[in-house]
Amino acid sequence: MESAQATSTDSPAARLREEILIRRVRNGERELFYELIRPYERRIYAAAFGIVHNPADAEDVAQEAVLKAFKNLRQFRAEARFSTWLLQITVNEARMRRRKQQASRIEPMDVQETEEGNYTPRDFADWREIPSETLERKEVREALTQALSSLNEIYRDVFVLRDVEHLSIEETAKILGISIANVKTRLLRARLMLRDLLAPGLDGNWSSKLRFVKGNKLW
Amino acid sequence: MVVNCEEVWQEVSNYLDGEIDSRLGAAVEEHLRGCKHCTAVIDGTRNVLELYGDQRLLEIPLGYSQRLHHHLGAAIAGKRGTAFGWMVAFAAAAALMIGFEVGNSSAFSQPHLRSAHAQPPARAIPANLIVVVTDRAKIFHLPGCGVIHNKSTERMLTVAEAEREGYVPCVRCLRKYVNLTGRILREDNKGGALRRASHLAAFNLGRAEQSLKSVDHIPLLSARATDFQERNTDNRHYP
């Protein structure tokens, strides 16, 4: 299920090419930095959007992130993957932006959800098939985006890195600075919550009132 | 190995990621065969992953890449010009400093002084110039000055020594050094060669006046500074 873009930068040849590019940029061929980040531009935006949930902010974050990456390219160590390093910068930048967003509005007291206890599915609606064309429909895309943004950020960040960005559990843990066990717990909850939110919508009319639209969290 | 529904739910992620122990995986599959609910949960979660992992979900704003490059381009161009930028900055700083120094120099700052008495020195009196003092008044003269009184007590010393002893210059023989005000200077020196009076001059003027007061029984020296001023303006020369 890896995206074509992700696999294209994963091959040994692609990684070698990337290493050479990094070296050349460091040695003064600065324009080659465009080439270096081109395969990741979409992923940078996706990661930023997954965290800040606002196209304008996501773009700002992406711009700041690539700028930081350019300025700090010398600090990049070859033992890490360039994509992970780049996404780490993006995630840090996006989380900083989110903190600013949150500082400017009043947060409800009980925003932090507890990770204790096991998550139990709330809905057993049968959702066996995904019509691939559903994603062509704007309301489906909006419902998915809205469902994701309704998750608490600790679940959302893990889900975005693991299931949108297709990073490994280890990379996700490293970028977010949490343990692998934590990543696994949060990931399971995020996936099950999203299924609970979306499954009932798919067996009938997507434009029908979805429960999260009312701001009525189920968990 | 048999697992119940709750155990299956806790393994949904691992099962879908293929990161599950083979025995547990087999048990989960066995459970799924007979449990409609758990099958729905697994299938639904798989759908979630497929939908969110699909690139079509996210619409990238039009022109995003161009704006990204543009933003970066400014930095890359800026970076390239760093050495030049520093040179420009350095030159600007140097120009500022030169401007400051020039602006601060007496030639330019002099006209802005508010009081004529606060003008800078007309001309510094050479510290090693030989002058004559007497015990009549605390005034030093050039040798041969026409207004030296009590010549019997004359002694010679340098300007530096005389000043150290509290003597002030004679306003006649040392007139070119001790001018009363900038205004008189300009009138006296129409070419404008001497445009500067001094703190020293102002200071000396005050001291000269004090000296004059203390020796007011000497008619000539008892004249006020304003008298000198008037005499000086009518182009008479002393002595």
# chains A, B, ... in the order shown; residues from 1 in each chain; ligands from 1
$ interface_residues --of "chain B" --to "chain A" --cutoff "8 Å" --atoms "only C-alpha atoms" --output "PyMOL selection string"
chain B and resi 6+9-10+12-13+37-38+40-41+43-45+47-58+60-61+64-65+68-69+71-72+75-76
$ atom_distance --atom1 "CA of Ile139 in chain B" --atom2 "CA of Tyr177 in chain B"
13.6 Å
$ closest_residue --among "A:Arg77, A:Arg95, A:Lys100, A:Arg15" --to "Leu176 in chain A" --atoms "only C-alpha atoms"
A:Arg95
$ select_by_dssp --residues "range 15-177 of chain A" --states "alpha helix (DSSP H)" --output "PyMOL selection string"
chain A and resi 15-26+32-37+41-52+55-71+82-103+138-149+153-159+169-176
$ decode --residues "range 49-65 of chain A" --atoms "N, CA and C atoms" --output "PDB file, in the first residue's frame"
ATOM      1  N   PHE A  49      -0.411  19.507   6.950  1.00  0.00           N
ATOM      2  CA  PHE A  49      -1.873  19.645   6.951  1.00  0.00           C
ATOM      3  C   PHE A  49      -2.504  18.718   7.992  1.00  0.00           C
ATOM      4  N   GLY A  50      -1.968  17.509   8.098  1.00  0.00           N
ATOM      5  CA  GLY A  50      -2.495  16.559   9.078  1.00  0.00           C
ATOM      6  C   GLY A  50      -2.411  17.103  10.496  1.00  0.00           C
ATOM      7  N   ILE A  51      -1.454  17.964  10.727  1.00  0.00           N
ATOM      8  CA  ILE A  51      -1.261  18.467  12.094  1.00  0.00           C
ATOM      9  C   ILE A  51      -1.965  19.807  12.313  1.00  0.00           C
ATOM     10  N   VAL A  52      -1.854  20.710  11.363  1.00  0.00           N
ATOM     11  CA  VAL A  52      -2.446  22.046  11.604  1.00  0.00           C
ATOM     12  C   VAL A  52      -3.872  22.183  11.056  1.00  0.00           C
ATOM     13  N   HIS A  53      -4.229  21.302  10.113  1.00  0.00           N
ATOM     14  CA  HIS A  53      -5.598  21.249   9.586  1.00  0.00           C
ATOM     15  C   HIS A  53      -6.095  22.555   9.005  1.00  0.00           C
ATOM     16  N   ASN A  54      -5.248  23.186   8.282  1.00  0.00           N
ATOM     17  CA  ASN A  54      -5.619  24.446   7.662  1.00  0.00           C
ATOM     18  C   ASN A  54      -4.676  24.647   6.480  1.00  0.00           C
ATOM     19  N   PRO A  55      -5.207  24.755   5.274  1.00  0.00           N
ATOM     20  CA  PRO A  55      -4.331  24.807   4.096  1.00  0.00           C
ATOM     21  C   PRO A  55      -3.310  25.939   4.152  1.00  0.00           C
ATOM     22  N   ALA A  56      -3.742  27.101   4.604  1.00  0.00           N
ATOM     23  CA  ALA A  56      -2.812  28.244   4.621  1.00  0.00           C
ATOM     24  C   ALA A  56      -1.683  27.991   5.610  1.00  0.00           C
ATOM     25  N   ASP A  57      -2.062  27.519   6.801  1.00  0.00           N
ATOM     26  CA  ASP A  57      -1.034  27.232   7.808  1.00  0.00           C
ATOM     27  C   ASP A  57      -0.125  26.100   7.343  1.00  0.00           C
ATOM     28  N   ALA A  58      -0.735  25.108   6.710  1.00  0.00           N
ATOM     29  CA  ALA A  58       0.063  23.965   6.245  1.00  0.00           C
ATOM     30  C   ALA A  58       1.110  24.435   5.234  1.00  0.00           C
ATOM     31  N   GLU A  59       0.718  25.340   4.401  1.00  0.00           N
ATOM     32  CA  GLU A  59       1.663  25.835   3.402  1.00  0.00           C
ATOM     33  C   GLU A  59       2.768  26.667   4.061  1.00  0.00           C
ATOM     34  N   ASP A  60       2.369  27.478   5.006  1.00  0.00           N
ATOM     35  CA  ASP A  60       3.374  28.249   5.750  1.00  0.00           C
ATOM     36  C   ASP A  60       4.376  27.324   6.430  1.00  0.00           C
ATOM     37  N   VAL A  61       3.816  26.301   7.058  1.00  0.00           N
ATOM     38  CA  VAL A  61       4.666  25.336   7.760  1.00  0.00           C
ATOM     39  C   VAL A  61       5.622  24.673   6.777  1.00  0.00           C
ATOM     40  N   ALA A  62       5.086  24.264   5.622  1.00  0.00           N
ATOM     41  CA  ALA A  62       5.927  23.601   4.613  1.00  0.00           C
ATOM     42  C   ALA A  62       7.057  24.533   4.183  1.00  0.00           C
ATOM     43  N   GLN A  63       6.736  25.787   3.975  1.00  0.00           N
ATOM     44  CA  GLN A  63       7.756  26.742   3.539  1.00  0.00           C
ATOM     45  C   GLN A  63       8.840  26.931   4.594  1.00  0.00           C
ATOM     46  N   GLU A  64       8.385  27.081   5.822  1.00  0.00           N
ATOM     47  CA  GLU A  64       9.369  27.260   6.901  1.00  0.00           C
ATOM     48  C   GLU A  64      10.214  26.012   7.073  1.00  0.00           C
ATOM     49  N   ALA A  65       9.571  24.860   6.917  1.00  0.00           N
ATOM     50  CA  ALA A  65      10.295  23.599   7.114  1.00  0.00           C
ATOM     51  C   ALA A  65      11.389  23.423   6.064  1.00  0.00           C
TER      52      ALA A  65
END
